[in-house]
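Remarks on the structure that follows.
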Amino acid sequence: LPLPYDLMSMNSYIFEGKNGITIVDTGDSMPEAKEVWQRAIGNRRVERIVITHGHTDHLGCANWLRELYDAPVYMYEKTVHRVERLKAGLAAGRYVNPTDEVFALYGVHVELPNIEVTIDYRNYVVEPDVVFNEHTGIMLGDVHYDVLFTPGHSEDHVCFYNEAEQVLVVGDHLLEALNPVILPTLQFLNPIEPYLSSFDMIEQLNVRHVLTGHLALVSDLKPRIQRLRTHYHKRILQTFDAVKNGNATLHDVTAFVYAGKEGRLGHSMYAQTV
């Protein structure tokens with residue numbers, strides 16, 4: 001599905017079942033994505049809409065799909081809390097960008113912007129029809145999948161796994177073509193520790209097909225996990241070295257860790273990773 005920012009596209013999945021199709025992740029709320037969905041769905045019935053995490057590019061079309069196809073939205077319990085924070089901000093007349101919220105909490109002053117009239121943030125306030133968790137599992141088509149809590153890229157992120165089908169739906173938890181951004185939390189928790197620990201669990205799974213949220217599918221899971229481990233351990237050591245070398249501000253540490261990318265350091269992705 002097309003996106004107007006960053007990676008310029010994202011991957012959604014359709015699982016067919018006797019009573020209709022299950023959609024996993026919806027793309028962002030934009031006319032081009034909706035046109036793709038209408039062509040892809042055609043006259044088929046949509047049985048359910050399932051969300052892996054609460055980022056806008058993964059749930060932005062959920063309300064539209066629900067209304068158009070009369071399909072329930074299934075959401076992980078921690079994603080519900082994320083959406084509730086957004087809803088409370090909009091009720092107060094502010095769009096509380098999660099990036100700005102985290103930066104402010106960690107001592108970086110930001111001005112929370114007034115709601116932009118050109119963007120309907122209500123598209124991202126998705127009220128779930130069904131809330132799921134690790135104990136309930138989730139049906140994708142006619143097949144039951146285990147729900148794996150995999151925080152890191154997002155504090156509410158989940159993956160879906162079926163051993164018999166040897167399928168692992170990973171959302172943005174791990175990607176083939178790039179290293180996911182590991183985002184800080186509002187609770188001063190360490191997001192990298194559970195992220196890396198989740199690989200210990202995922203490595204034990206019997207997987208042939210790894211369905212990613214962006215770009216290419218993961219072709220060989222265990223080598224990709226090892227490359228990710230190596231990458232993030234390198235970034236951790238670079239961050240420690242930055243502080244040892246006298247860099248005290250977020251900007252300075254980010255510039256040290258991402259030396260050579262000065263032209264792109266204004267992107268919050270780098271600072272959030274640090």
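Within each chain, counting starts at residue 1; across the structure tokens, chains are named A, B, ... in the order shown, with ligands numbered 1 upward in that order.
Excluding Asn190 of chain A and any residue on its chain fewer than 3 positions from it, the residues at most 12 Å away by only C-alpha atoms are Pro151, Gly152, His153, Glu155, Ile182, Leu183, Pro184, Thr185, Leu186, Gln187, Glu193, Pro194, Tyr195, Leu196, Ser197, Ile236, Thr273 and Val274 of chain A.
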Using N, CA, C and O atoms, can you export the residues from the last selection as a PDB file, in the first residue's frame?
```pdb
ATOM      1  N   PRO A 151       7.458  -6.084  22.051  1.00  0.00           N
ATOM      2  CA  PRO A 151       7.702  -4.638  22.110  1.00  0.00           C
ATOM      3  C   PRO A 151       9.105  -4.292  21.616  1.00  0.00           C
ATOM      4  O   PRO A 151       9.993  -5.132  21.576  1.00  0.00           O
ATOM      5  N   GLY A 152       9.266  -3.044  21.255  1.00  0.00           N
ATOM      6  CA  GLY A 152      10.559  -2.549  20.770  1.00  0.00           C
ATOM      7  C   GLY A 152      10.328  -1.449  19.764  1.00  0.00           C
ATOM      8  O   GLY A 152      10.473  -0.268  20.060  1.00  0.00           O
ATOM      9  N   HIS A 153       9.925  -1.808  18.567  1.00  0.00           N
ATOM     10  CA  HIS A 153       9.571  -0.798  17.573  1.00  0.00           C
ATOM     11  C   HIS A 153       8.372   0.013  18.046  1.00  0.00           C
ATOM     12  O   HIS A 153       8.264   1.212  17.786  1.00  0.00           O
ATOM     13  N   GLU A 155       5.666  -0.024  21.708  1.00  0.00           N
ATOM     14  CA  GLU A 155       5.455  -0.671  23.004  1.00  0.00           C
ATOM     15  C   GLU A 155       4.227  -1.573  23.021  1.00  0.00           C
ATOM     16  O   GLU A 155       4.021  -2.327  23.981  1.00  0.00           O
ATOM     17  N   ILE A 182      13.841   1.423  17.072  1.00  0.00           N
ATOM     18  CA  ILE A 182      13.394   1.004  18.403  1.00  0.00           C
ATOM     19  C   ILE A 182      13.041   2.265  19.177  1.00  0.00           C
ATOM     20  O   ILE A 182      13.902   3.113  19.429  1.00  0.00           O
ATOM     21  N   LEU A 183      11.784   2.387  19.553  1.00  0.00           N
ATOM     22  CA  LEU A 183      11.280   3.653  20.080  1.00  0.00           C
ATOM     23  C   LEU A 183      11.263   3.675  21.603  1.00  0.00           C
ATOM     24  O   LEU A 183      10.941   2.667  22.245  1.00  0.00           O
ATOM     25  N   PRO A 184      11.591   4.820  22.196  1.00  0.00           N
ATOM     26  CA  PRO A 184      11.526   4.958  23.656  1.00  0.00           C
ATOM     27  C   PRO A 184      10.083   4.910  24.146  1.00  0.00           C
ATOM     28  O   PRO A 184       9.144   5.095  23.372  1.00  0.00           O
ATOM     29  N   THR A 185       9.937   4.668  25.430  1.00  0.00           N
ATOM     30  CA  THR A 185       8.602   4.531  26.016  1.00  0.00           C
ATOM     31  C   THR A 185       8.307   5.701  26.932  1.00  0.00           C
ATOM     32  O   THR A 185       9.198   6.461  27.336  1.00  0.00           O
ATOM     33  N   LEU A 186       7.049   5.826  27.316  1.00  0.00           N
ATOM     34  CA  LEU A 186       6.625   6.880  28.237  1.00  0.00           C
ATOM     35  C   LEU A 186       6.816   6.477  29.691  1.00  0.00           C
ATOM     36  O   LEU A 186       6.531   7.259  30.592  1.00  0.00           O
ATOM     37  N   GLN A 187       7.295   5.271  29.925  1.00  0.00           N
ATOM     38  CA  GLN A 187       7.455   4.779  31.296  1.00  0.00           C
ATOM     39  C   GLN A 187       8.919   4.669  31.701  1.00  0.00           C
ATOM     40  O   GLN A 187       9.246   4.023  32.689  1.00  0.00           O
ATOM     41  N   GLU A 193      16.005  -3.861  25.488  1.00  0.00           N
ATOM     42  CA  GLU A 193      16.169  -5.151  26.173  1.00  0.00           C
ATOM     43  C   GLU A 193      15.068  -6.142  25.800  1.00  0.00           C
ATOM     44  O   GLU A 193      15.366  -7.278  25.384  1.00  0.00           O
ATOM     45  N   PRO A 194      13.782  -5.784  25.904  1.00  0.00           N
ATOM     46  CA  PRO A 194      12.758  -6.756  25.489  1.00  0.00           C
ATOM     47  C   PRO A 194      12.773  -7.018  23.989  1.00  0.00           C
ATOM     48  O   PRO A 194      12.410  -8.115  23.552  1.00  0.00           O
ATOM     49  N   TYR A 195      13.187  -6.015  23.219  1.00  0.00           N
ATOM     50  CA  TYR A 195      13.277  -6.229  21.771  1.00  0.00           C
ATOM     51  C   TYR A 195      14.285  -7.325  21.448  1.00  0.00           C
ATOM     52  O   TYR A 195      13.974  -8.288  20.733  1.00  0.00           O
ATOM     53  N   LEU A 196      15.487  -7.206  21.984  1.00  0.00           N
ATOM     54  CA  LEU A 196      16.511  -8.212  21.723  1.00  0.00           C
ATOM     55  C   LEU A 196      16.144  -9.557  22.360  1.00  0.00           C
ATOM     56  O   LEU A 196      16.406 -10.619  21.788  1.00  0.00           O
ATOM     57  N   SER A 197      15.515  -9.515  23.534  1.00  0.00           N
ATOM     58  CA  SER A 197      15.116 -10.767  24.187  1.00  0.00           C
ATOM     59  C   SER A 197      14.070 -11.516  23.376  1.00  0.00           C
ATOM     60  O   SER A 197      14.024 -12.758  23.394  1.00  0.00           O
ATOM     61  N   ILE A 236      24.474   0.453  20.686  1.00  0.00           N
ATOM     62  CA  ILE A 236      24.554   0.633  22.139  1.00  0.00           C
ATOM     63  C   ILE A 236      25.957   1.070  22.546  1.00  0.00           C
ATOM     64  O   ILE A 236      26.143   2.025  23.321  1.00  0.00           O
ATOM     65  N   THR A 273      16.083   6.742  18.335  1.00  0.00           N
ATOM     66  CA  THR A 273      16.871   5.533  18.498  1.00  0.00           C
ATOM     67  C   THR A 273      17.888   5.701  19.605  1.00  0.00           C
ATOM     68  O   THR A 273      18.091   4.800  20.428  1.00  0.00           O
ATOM     69  N   VAL A 274      18.546   6.853  19.664  1.00  0.00           N
ATOM     70  CA  VAL A 274      19.504   7.127  20.733  1.00  0.00           C
ATOM     71  C   VAL A 274      18.792   7.139  22.088  1.00  0.00           C
ATOM     72  O   VAL A 274      19.271   6.562  23.057  1.00  0.00           O
TER      73      VAL A 274
END
```
